[in-house]
Protein chains: 2
Amino acid sequence: MPNPVIDCLMNHRSIRKFKPDPIEPETLDLILRAGTRAASAGNLQPYALVVIDDPKKLERMEVKAPAAIIALIDQYRLKRWFELNDAPFYNDQAINLFISYWDAVIALQNIVIAAESLGLGTVYVGMILSTDVQELLGVPEYVAPAGLVFLGYPDESPQLRPRLPLEAVVHRNGYHIPTDDEIRSFYRDKDREWNEVSETKKHKLQEKGVYNYAQAITLGHYTPEFIKGESQKLIANIKKAGFRLWEKRSKTKQE
Amino acid sequence: MPNPVIDCLMNHRSIRKFKPDPIEPETLDLILRAGTRAASAGNLQPYALVVIDDPKKLERMEVKAPAAIIALIDQYRLKRWFELNDAPFYNDQAINLFISYWDAVIALQNIVIAAESLGLGTVYVGMILSTDVQELLGVPEYVAPAGLVFLGYPDESPQLRPRLPLEAVVHRNGYHIPTDDEIRSFYRDKDREWNEVSETKKHKLQEKGVYNYAQAITLGHYTPEFIKGESQKLIANIKKAGFRLWEKRSKTKQE
């Protein structure tokens, strides 16, 4: 039953080390076209894809790669088209933001899959959500960051990373609240990973109060300061773009 | 240069009419596995996938299909694991919501691609974002809707829908603000579609003040009432789940 498409999906791994070789323009073009074939609500494509291959721009970014693609929530292009047609623009609401984000991100996932099928490696970087894209890219109103992927020919071949067992993620006809034992069994692989951490590294982490994998995530990696900082910058991006998730409150304020 | 993966991506079309034939369990299993191989921030998979194949549940839904998969933002499972490990939970912030949404939606896109490669048809339905999933699925705190796809064997073979020209969507090293002429050329196909609308239908639309495609979207389809209603329900879902996008304001309120 498997086929080349399923094989491609099942073999995804993130690549963080790339050869310096550039991506051929026709390869990049094909990948972008595959991106825009992803489904889109009302077939309106309320997103934009920014190719970054200027070495100066790439230098400022998190991963060393010959190219990056930034996906943007984009209701601005629609607004411009509406204006030329005397059509009123109401797309500054929460549903427009979330539908645009969905469409942008599945276009980006098509890009990842197309790239991998052509021998390229990719890695997503979530920090774009907290990046000031007005400063980085000069975006207009109603445009906000949705995703970022780095692309290039792989210079490493990492193992497949284990995923949670399917029963941890998949539910049937309703949400099954797991028992404590079920939760423990879902995360058994992560606990095993923790056991394989070297004693010196464990000792260091224990000084920070980290005694297991879950604590390593929440006390070591995704600390409250980090999460708060990222969230504030993300919210600032949405507000600056002009989307009104907070409308009701500000109305109450005016009263 | 094209290959079976690119071909699959390029040939996506939404299917809205399905044969009654059920999806074989092993096919569904393979599709779900392909879904969970999508990238995930920190490899934490903060999402859930709910298979709906109970005829009673399906009856209540927008599209007649033998199965649906609902993708959920899910920080609840992580919270439970954290609790069992004495690890504090801070993942109720905007960045967690948006990263979970991203991960959920790209898993769903893998599901769509895997399904299509196996001869199934799919259609996304965005209305899930405004659906009360606590009522529909019994989800706990920190779980909110992210996406919905219907699946089944196609009982129609629609044409590929035209997409905007690549230059409308793709930018290079920064956001290019299009000229009015560029905007007009990007949407030339939509204007052409409008010209093909029958005179009787046009006449009906003109009674509502709709004289072109852009006005048909914003006055006929995505009206301000519709957008506001959907947005309020979407925001209610996020608030009910316990995510704190509004934290700063509510603090100010308390002062």
# chains A, B, ... in the order shown; residues from 1 in each chain; ligands from 1
>>> calpha_fit_and_write(fixed="chain A", moving="chain B", output="PDB file with C-alpha atoms, in the first residue's frame")
ATOM      1  CA  MET B   1       0.055  -0.036  -0.021  1.00  0.00           C
ATOM      2  CA  PRO B   2       2.867   2.479   0.666  1.00  0.00           C
ATOM      3  CA  ASN B   3       3.841   4.573  -2.343  1.00  0.00           C
ATOM      4  CA  PRO B   4       6.485   7.244  -3.108  1.00  0.00           C
ATOM      5  CA  VAL B   5       4.321   9.973  -1.575  1.00  0.00           C
ATOM      6  CA  ILE B   6       3.776   8.091   1.702  1.00  0.00           C
ATOM      7  CA  ASP B   7       7.493   7.203   1.743  1.00  0.00           C
ATOM      8  CA  CYS B   8       8.393  10.872   1.406  1.00  0.00           C
ATOM      9  CA  LEU B   9       6.069  11.876   4.267  1.00  0.00           C
ATOM     10  CA  MET B  10       7.248   9.052   6.537  1.00  0.00           C
ATOM     11  CA  ASN B  11      10.904   9.933   6.023  1.00  0.00           C
ATOM     12  CA  HIS B  12      10.749  13.564   7.029  1.00  0.00           C
ATOM     13  CA  ARG B  13      13.513  14.706   9.344  1.00  0.00           C
ATOM     14  CA  SER B  14      14.617  18.243  10.078  1.00  0.00           C
ATOM     15  CA  ILE B  15      17.979  19.252   8.616  1.00  0.00           C
ATOM     16  CA  ARG B  16      20.010  21.904  10.397  1.00  0.00           C
ATOM     17  CA  LYS B  17      23.305  21.619   8.494  1.00  0.00           C
ATOM     18  CA  PHE B  18      23.316  22.512   4.805  1.00  0.00           C
ATOM     19  CA  LYS B  19      25.860  22.423   1.986  1.00  0.00           C
ATOM     20  CA  PRO B  20      26.642  25.892   0.615  1.00  0.00           C
ATOM     21  CA  ASP B  21      25.309  24.920  -2.852  1.00  0.00           C
ATOM     22  CA  PRO B  22      22.523  27.235  -3.967  1.00  0.00           C
ATOM     23  CA  ILE B  23      19.094  25.894  -4.947  1.00  0.00           C
ATOM     24  CA  GLU B  24      18.598  25.948  -8.741  1.00  0.00           C
ATOM     25  CA  PRO B  25      16.043  28.620  -9.757  1.00  0.00           C
ATOM     26  CA  GLU B  26      13.847  26.081 -11.581  1.00  0.00           C
ATOM     27  CA  THR B  27      13.836  23.819  -8.507  1.00  0.00           C
ATOM     28  CA  LEU B  28      12.776  26.726  -6.298  1.00  0.00           C
ATOM     29  CA  ASP B  29      10.121  27.714  -8.811  1.00  0.00           C
ATOM     30  CA  LEU B  30       8.656  24.196  -8.847  1.00  0.00           C
ATOM     31  CA  ILE B  31       8.634  24.058  -5.040  1.00  0.00           C
ATOM     32  CA  LEU B  32       6.843  27.406  -4.811  1.00  0.00           C
ATOM     33  CA  ARG B  33       4.265  26.298  -7.388  1.00  0.00           C
ATOM     34  CA  ALA B  34       3.624  23.138  -5.367  1.00  0.00           C
ATOM     35  CA  GLY B  35       3.133  25.409  -2.340  1.00  0.00           C
ATOM     36  CA  THR B  36       0.425  27.449  -4.024  1.00  0.00           C
ATOM     37  CA  ARG B  37      -1.490  24.298  -5.041  1.00  0.00           C
ATOM     38  CA  ALA B  38      -2.371  23.657  -1.374  1.00  0.00           C
ATOM     39  CA  ALA B  39      -6.061  24.151  -0.574  1.00  0.00           C
ATOM     40  CA  SER B  40      -7.180  27.691   0.281  1.00  0.00           C
ATOM     41  CA  ALA B  41     -10.431  28.897   1.852  1.00  0.00           C
ATOM     42  CA  GLY B  42     -12.619  30.343  -0.913  1.00  0.00           C
ATOM     43  CA  ASN B  43      -9.583  29.899  -3.209  1.00  0.00           C
ATOM     44  CA  LEU B  44      -8.495  33.391  -2.124  1.00  0.00           C
ATOM     45  CA  GLN B  45      -4.905  32.574  -1.045  1.00  0.00           C
ATOM     46  CA  PRO B  46      -4.707  35.144   1.766  1.00  0.00           C
ATOM     47  CA  TYR B  47      -1.005  34.563   2.318  1.00  0.00           C
ATOM     48  CA  ALA B  48       2.367  35.538   0.844  1.00  0.00           C
ATOM     49  CA  LEU B  49       5.648  33.628   0.511  1.00  0.00           C
ATOM     50  CA  VAL B  50       8.890  35.580   0.815  1.00  0.00           C
ATOM     51  CA  VAL B  51      11.990  33.887  -0.570  1.00  0.00           C
ATOM     52  CA  ILE B  52      15.133  34.976   1.272  1.00  0.00           C
ATOM     53  CA  ASP B  53      18.353  34.299  -0.605  1.00  0.00           C
ATOM     54  CA  ASP B  54      20.163  37.598  -0.119  1.00  0.00           C
ATOM     55  CA  PRO B  55      23.287  36.635   1.871  1.00  0.00           C
ATOM     56  CA  LYS B  56      22.988  39.804   3.998  1.00  0.00           C
ATOM     57  CA  LYS B  57      19.434  38.907   5.052  1.00  0.00           C
ATOM     58  CA  LEU B  58      20.379  35.252   5.597  1.00  0.00           C
ATOM     59  CA  GLU B  59      23.264  36.248   7.871  1.00  0.00           C
ATOM     60  CA  ARG B  60      20.822  37.720  10.377  1.00  0.00           C
ATOM     61  CA  MET B  61      18.810  34.505  10.611  1.00  0.00           C
ATOM     62  CA  GLU B  62      18.852  31.577  13.049  1.00  0.00           C
ATOM     63  CA  VAL B  63      20.082  28.813  10.694  1.00  0.00           C
ATOM     64  CA  LYS B  64      22.912  28.881   8.132  1.00  0.00           C
ATOM     65  CA  ALA B  65      21.237  27.854   4.850  1.00  0.00           C
ATOM     66  CA  PRO B  66      21.338  28.947   1.186  1.00  0.00           C
ATOM     67  CA  ALA B  67      17.659  29.964   1.273  1.00  0.00           C
ATOM     68  CA  ALA B  68      14.671  30.522   3.532  1.00  0.00           C
ATOM     69  CA  ILE B  69      10.976  30.965   2.812  1.00  0.00           C
ATOM     70  CA  ILE B  70       8.856  33.067   5.137  1.00  0.00           C
ATOM     71  CA  ALA B  71       5.103  32.494   4.982  1.00  0.00           C
ATOM     72  CA  LEU B  72       2.960  35.505   5.837  1.00  0.00           C
ATOM     73  CA  ILE B  73      -0.675  35.973   6.749  1.00  0.00           C
ATOM     74  CA  ASP B  74      -1.682  38.439   4.028  1.00  0.00           C
ATOM     75  CA  GLN B  75      -5.072  40.155   3.913  1.00  0.00           C
ATOM     76  CA  TYR B  76      -3.450  43.278   2.451  1.00  0.00           C
ATOM     77  CA  ARG B  77      -3.437  42.047  -1.152  1.00  0.00           C
ATOM     78  CA  LEU B  78      -7.163  41.284  -0.923  1.00  0.00           C
ATOM     79  CA  LYS B  79      -7.797  44.733   0.594  1.00  0.00           C
ATOM     80  CA  ARG B  80      -6.067  46.378  -2.373  1.00  0.00           C
ATOM     81  CA  TRP B  81      -8.145  44.330  -4.833  1.00  0.00           C
ATOM     82  CA  PHE B  82     -11.335  45.156  -2.912  1.00  0.00           C
ATOM     83  CA  GLU B  83     -10.470  48.882  -3.001  1.00  0.00           C
ATOM     84  CA  LEU B  84     -10.037  48.817  -6.779  1.00  0.00           C
ATOM     85  CA  ASN B  85     -13.509  47.256  -7.010  1.00  0.00           C
ATOM     86  CA  ASP B  86     -15.391  49.438  -4.521  1.00  0.00           C
ATOM     87  CA  ALA B  87     -15.827  46.404  -2.280  1.00  0.00           C
ATOM     88  CA  PRO B  88     -15.747  47.029   1.488  1.00  0.00           C
ATOM     89  CA  PHE B  89     -12.980  45.308   3.522  1.00  0.00           C
ATOM     90  CA  TYR B  90     -13.952  43.607   6.783  1.00  0.00           C
ATOM     91  CA  ASN B  91     -11.132  41.043   6.935  1.00  0.00           C
ATOM     92  CA  ASP B  92      -9.413  42.433  10.013  1.00  0.00           C
ATOM     93  CA  GLN B  93     -11.137  39.963  12.359  1.00  0.00           C
ATOM     94  CA  ALA B  94     -10.008  36.854  14.255  1.00  0.00           C
ATOM     95  CA  ILE B  95     -11.479  34.422  11.721  1.00  0.00           C
ATOM     96  CA  ASN B  96      -9.536  36.059   8.865  1.00  0.00           C
ATOM     97  CA  LEU B  97      -6.313  35.900  10.861  1.00  0.00           C
ATOM     98  CA  PHE B  98      -6.746  32.211  11.681  1.00  0.00           C
ATOM     99  CA  ILE B  99      -7.910  31.159   8.205  1.00  0.00           C
ATOM    100  CA  SER B 100      -4.959  33.033   6.652  1.00  0.00           C
ATOM    101  CA  TYR B 101      -2.575  31.362   9.086  1.00  0.00           C
ATOM    102  CA  TRP B 102      -3.992  27.930   8.204  1.00  0.00           C
ATOM    103  CA  ASP B 103      -3.666  28.598   4.456  1.00  0.00           C
ATOM    104  CA  ALA B 104      -0.152  30.019   4.823  1.00  0.00           C
ATOM    105  CA  VAL B 105       1.095  27.103   6.883  1.00  0.00           C
ATOM    106  CA  ILE B 106      -0.294  24.358   4.627  1.00  0.00           C
ATOM    107  CA  ALA B 107       1.270  26.099   1.618  1.00  0.00           C
ATOM    108  CA  LEU B 108       4.558  25.997   3.550  1.00  0.00           C
ATOM    109  CA  GLN B 109       4.067  22.306   4.352  1.00  0.00           C
ATOM    110  CA  ASN B 110       3.596  21.613   0.613  1.00  0.00           C
ATOM    111  CA  ILE B 111       6.873  23.480   0.068  1.00  0.00           C
ATOM    112  CA  VAL B 112       8.624  21.274   2.639  1.00  0.00           C
ATOM    113  CA  ILE B 113       7.304  18.081   1.049  1.00  0.00           C
ATOM    114  CA  ALA B 114       8.087  19.187  -2.506  1.00  0.00           C
ATOM    115  CA  ALA B 115      11.600  20.219  -1.434  1.00  0.00           C
ATOM    116  CA  GLU B 116      12.270  16.910   0.301  1.00  0.00           C
ATOM    117  CA  SER B 117      11.047  14.964  -2.745  1.00  0.00           C
ATOM    118  CA  LEU B 118      13.718  16.796  -4.764  1.00  0.00           C
ATOM    119  CA  GLY B 119      16.539  15.903  -2.382  1.00  0.00           C
ATOM    120  CA  LEU B 120      16.559  19.117  -0.374  1.00  0.00           C
ATOM    121  CA  GLY B 121      16.496  19.294   3.399  1.00  0.00           C
ATOM    122  CA  THR B 122      14.336  21.653   5.453  1.00  0.00           C
ATOM    123  CA  VAL B 123      13.841  22.907   8.980  1.00  0.00           C
ATOM    124  CA  TYR B 124      10.979  24.969  10.385  1.00  0.00           C
ATOM    125  CA  VAL B 125      11.777  27.771  12.810  1.00  0.00           C
ATOM    126  CA  GLY B 126       8.924  28.999  14.995  1.00  0.00           C
ATOM    127  CA  MET B 127      10.698  32.166  16.170  1.00  0.00           C
ATOM    128  CA  ILE B 128       9.398  33.940  13.048  1.00  0.00           C
ATOM    129  CA  LEU B 129       6.088  34.390  14.904  1.00  0.00           C
ATOM    130  CA  SER B 130       7.786  36.788  17.297  1.00  0.00           C
ATOM    131  CA  THR B 131       9.896  38.542  14.624  1.00  0.00           C
ATOM    132  CA  ASP B 132       9.097  42.100  13.582  1.00  0.00           C
ATOM    133  CA  VAL B 133       8.364  41.482   9.885  1.00  0.00           C
ATOM    134  CA  GLN B 134       7.596  45.155   9.283  1.00  0.00           C
ATOM    135  CA  GLU B 135      11.221  45.835  10.153  1.00  0.00           C
ATOM    136  CA  LEU B 136      12.662  42.679   8.478  1.00  0.00           C
ATOM    137  CA  LEU B 137      10.606  42.664   5.271  1.00  0.00           C
ATOM    138  CA  GLY B 138       8.764  45.993   5.083  1.00  0.00           C
ATOM    139  CA  VAL B 139       5.315  44.403   5.176  1.00  0.00           C
ATOM    140  CA  PRO B 140       2.219  46.636   5.054  1.00  0.00           C
ATOM    141  CA  GLU B 141      -0.929  46.528   7.254  1.00  0.00           C
ATOM    142  CA  TYR B 142      -2.871  43.240   7.564  1.00  0.00           C
ATOM    143  CA  VAL B 143       0.307  41.205   7.068  1.00  0.00           C
ATOM    144  CA  ALA B 144       1.781  39.134   9.929  1.00  0.00           C
ATOM    145  CA  PRO B 145       4.264  36.250  10.197  1.00  0.00           C
ATOM    146  CA  ALA B 146       2.935  32.681   9.834  1.00  0.00           C
ATOM    147  CA  GLY B 147       5.957  30.441   9.307  1.00  0.00           C
ATOM    148  CA  LEU B 148       9.581  30.086   8.289  1.00  0.00           C
ATOM    149  CA  VAL B 149      11.458  27.242   6.685  1.00  0.00           C
ATOM    150  CA  PHE B 150      15.144  27.006   5.799  1.00  0.00           C
ATOM    151  CA  LEU B 151      16.087  25.009   2.688  1.00  0.00           C
ATOM    152  CA  GLY B 152      19.215  23.593   1.131  1.00  0.00           C
ATOM    153  CA  TYR B 153      21.062  20.444   0.229  1.00  0.00           C
ATOM    154  CA  PRO B 154      21.603  18.442   3.454  1.00  0.00           C
ATOM    155  CA  ASP B 155      25.068  18.185   4.965  1.00  0.00           C
ATOM    156  CA  GLU B 156      23.967  15.726   7.650  1.00  0.00           C
ATOM    157  CA  SER B 157      21.738  12.642   7.721  1.00  0.00           C
ATOM    158  CA  PRO B 158      20.076  12.464  11.108  1.00  0.00           C
ATOM    159  CA  GLN B 159      18.033   9.493  12.343  1.00  0.00           C
ATOM    160  CA  LEU B 160      14.252   9.630  12.257  1.00  0.00           C
ATOM    161  CA  ARG B 161      13.068  11.054  15.586  1.00  0.00           C
ATOM    162  CA  PRO B 162      10.552   8.957  17.480  1.00  0.00           C
ATOM    163  CA  ARG B 163       6.983  10.245  17.610  1.00  0.00           C
ATOM    164  CA  LEU B 164       4.430   9.612  20.348  1.00  0.00           C
ATOM    165  CA  PRO B 165       2.558   6.336  19.849  1.00  0.00           C
ATOM    166  CA  LEU B 166      -0.423   6.856  17.526  1.00  0.00           C
ATOM    167  CA  GLU B 167      -2.911   6.232  20.363  1.00  0.00           C
ATOM    168  CA  ALA B 168      -1.521   9.253  22.244  1.00  0.00           C
ATOM    169  CA  VAL B 169      -2.518  11.592  19.422  1.00  0.00           C
ATOM    170  CA  VAL B 170      -5.506   9.891  17.745  1.00  0.00           C
ATOM    171  CA  HIS B 171      -8.991   9.856  19.290  1.00  0.00           C
ATOM    172  CA  ARG B 172     -12.201   8.290  17.940  1.00  0.00           C
ATOM    173  CA  ASN B 173     -15.494  10.179  17.728  1.00  0.00           C
ATOM    174  CA  GLY B 174     -14.675  12.223  20.808  1.00  0.00           C
ATOM    175  CA  TYR B 175     -11.797  13.247  23.069  1.00  0.00           C
ATOM    176  CA  HIS B 176     -10.682  10.428  25.351  1.00  0.00           C
ATOM    177  CA  ILE B 177      -9.291  11.773  28.630  1.00  0.00           C
ATOM    178  CA  PRO B 178      -6.270   9.528  29.268  1.00  0.00           C
ATOM    179  CA  THR B 179      -5.607   7.846  32.603  1.00  0.00           C
ATOM    180  CA  ASP B 180      -2.334   8.555  34.431  1.00  0.00           C
ATOM    181  CA  ASP B 181      -1.029   5.160  33.300  1.00  0.00           C
ATOM    182  CA  GLU B 182      -1.855   5.986  29.686  1.00  0.00           C
ATOM    183  CA  ILE B 183      -0.029   9.318  29.959  1.00  0.00           C
ATOM    184  CA  ARG B 184       3.001   7.511  31.438  1.00  0.00           C
ATOM    185  CA  SER B 185       3.008   4.986  28.589  1.00  0.00           C
ATOM    186  CA  PHE B 186       2.643   7.727  25.906  1.00  0.00           C
ATOM    187  CA  TYR B 187       5.816   9.408  27.150  1.00  0.00           C
ATOM    188  CA  ARG B 188       7.859   6.276  27.920  1.00  0.00           C
ATOM    189  CA  ASP B 189      10.262   7.031  25.002  1.00  0.00           C
ATOM    190  CA  LYS B 190      10.970  10.533  26.348  1.00  0.00           C
ATOM    191  CA  ASP B 191      11.709   9.134  29.812  1.00  0.00           C
ATOM    192  CA  ARG B 192      14.044   6.617  28.138  1.00  0.00           C
ATOM    193  CA  GLU B 193      15.780   9.535  26.328  1.00  0.00           C
ATOM    194  CA  TRP B 194      16.300  11.160  29.721  1.00  0.00           C
ATOM    195  CA  ASN B 195      17.979   8.036  31.036  1.00  0.00           C
ATOM    196  CA  GLU B 196      20.475   8.247  28.180  1.00  0.00           C
ATOM    197  CA  VAL B 197      21.610  11.757  29.148  1.00  0.00           C
ATOM    198  CA  SER B 198      25.191  11.695  30.469  1.00  0.00           C
ATOM    199  CA  GLU B 199      25.731  11.908  34.249  1.00  0.00           C
ATOM    200  CA  THR B 200      27.693  15.179  33.966  1.00  0.00           C
ATOM    201  CA  LYS B 201      24.894  16.812  31.950  1.00  0.00           C
ATOM    202  CA  LYS B 202      22.279  15.478  34.368  1.00  0.00           C
ATOM    203  CA  HIS B 203      24.253  16.863  37.282  1.00  0.00           C
ATOM    204  CA  LYS B 204      24.317  20.315  35.655  1.00  0.00           C
ATOM    205  CA  LEU B 205      20.568  20.202  35.039  1.00  0.00           C
ATOM    206  CA  GLN B 206      19.877  19.050  38.584  1.00  0.00           C
ATOM    207  CA  GLU B 207      21.489  22.244  39.814  1.00  0.00           C
ATOM    208  CA  LYS B 208      18.629  24.062  38.045  1.00  0.00           C
ATOM    209  CA  GLY B 209      16.071  21.762  39.658  1.00  0.00           C
ATOM    210  CA  VAL B 210      15.677  19.569  36.569  1.00  0.00           C
ATOM    211  CA  TYR B 211      15.296  15.879  37.442  1.00  0.00           C
ATOM    212  CA  ASN B 212      13.378  14.488  34.429  1.00  0.00           C
ATOM    213  CA  TYR B 213      12.554  15.144  30.753  1.00  0.00           C
ATOM    214  CA  ALA B 214       9.330  17.058  31.445  1.00  0.00           C
ATOM    215  CA  GLN B 215      11.168  19.398  33.832  1.00  0.00           C
ATOM    216  CA  ALA B 216      13.954  19.821  31.259  1.00  0.00           C
ATOM    217  CA  ILE B 217      11.360  21.177  28.805  1.00  0.00           C
ATOM    218  CA  THR B 218       9.522  23.545  31.079  1.00  0.00           C
ATOM    219  CA  LEU B 219      12.338  24.641  33.425  1.00  0.00           C
ATOM    220  CA  GLY B 220      15.250  24.419  31.000  1.00  0.00           C
ATOM    221  CA  HIS B 221      13.964  25.146  27.519  1.00  0.00           C
ATOM    222  CA  TYR B 222      10.509  26.733  27.424  1.00  0.00           C
ATOM    223  CA  THR B 223      10.799  28.787  30.597  1.00  0.00           C
ATOM    224  CA  PRO B 224       7.991  31.173  31.629  1.00  0.00           C
ATOM    225  CA  GLU B 225      10.213  34.154  30.738  1.00  0.00           C
ATOM    226  CA  PHE B 226      10.825  32.765  27.237  1.00  0.00           C
ATOM    227  CA  ILE B 227       7.148  31.932  26.642  1.00  0.00           C
ATOM    228  CA  LYS B 228       5.969  35.325  27.912  1.00  0.00           C
ATOM    229  CA  GLY B 229       8.506  37.200  25.804  1.00  0.00           C
ATOM    230  CA  GLU B 230       7.661  35.299  22.635  1.00  0.00           C
ATOM    231  CA  SER B 231       3.932  35.703  23.281  1.00  0.00           C
ATOM    232  CA  GLN B 232       4.176  39.452  23.798  1.00  0.00           C
ATOM    233  CA  LYS B 233       6.105  39.879  20.550  1.00  0.00           C
ATOM    234  CA  LEU B 234       3.653  37.640  18.680  1.00  0.00           C
ATOM    235  CA  ILE B 235       0.687  39.642  19.985  1.00  0.00           C
ATOM    236  CA  ALA B 236       2.474  42.893  19.097  1.00  0.00           C
ATOM    237  CA  ASN B 237       2.821  41.613  15.495  1.00  0.00           C
ATOM    238  CA  ILE B 238      -0.886  40.833  15.235  1.00  0.00           C
ATOM    239  CA  LYS B 239      -1.894  44.182  16.732  1.00  0.00           C
ATOM    240  CA  LYS B 240       0.539  46.129  14.578  1.00  0.00           C
ATOM    241  CA  ALA B 241      -0.858  44.406  11.488  1.00  0.00           C
ATOM    242  CA  GLY B 242      -4.272  45.760  12.472  1.00  0.00           C
ATOM    243  CA  PHE B 243      -6.103  42.527  13.316  1.00  0.00           C
ATOM    244  CA  ARG B 244      -8.736  43.029  15.989  1.00  0.00           C
ATOM    245  CA  LEU B 245      -8.785  40.086  18.374  1.00  0.00           C
ATOM    246  CA  TRP B 246      -9.297  42.458  21.263  1.00  0.00           C
ATOM    247  CA  GLU B 247     -12.142  44.456  19.775  1.00  0.00           C
ATOM    248  CA  LYS B 248     -14.788  43.774  22.412  1.00  0.00           C
ATOM    249  CA  ARG B 249     -12.572  44.929  25.286  1.00  0.00           C
ATOM    250  CA  SER B 250     -11.381  48.111  23.622  1.00  0.00           C
ATOM    251  CA  LYS B 251     -15.047  48.989  22.972  1.00  0.00           C
ATOM    252  CA  THR B 252     -15.796  48.489  26.672  1.00  0.00           C
ATOM    253  CA  LYS B 253     -12.832  50.722  27.440  1.00  0.00           C
ATOM    254  CA  GLN B 254     -14.210  53.527  25.306  1.00  0.00           C
ATOM    255  CA  GLU B 255     -17.573  53.463  27.041  1.00  0.00           C
TER     256      GLU B 255
END
>>> select_by_dssp(residues="stretch 9-224 of chain B", states="strand (DSSP E)", output="PyMOL selection string")
chain B and resi 47-52+67-74+121-124+143-152+170-172
>>> select_by_dssp(residues="stretch 57-103 of chain B", states="alpha helix (DSSP H)", output="list in words")
Lys57, Leu58, Glu59, Tyr76, Arg77, Leu78, Lys79, Arg80, Trp81, Phe82, Glu83, Leu84, Ala94, Ile95, Asn96, Leu97, Phe98, Ile99, Ser100, Tyr101, Trp102 and Asp103 of chain B
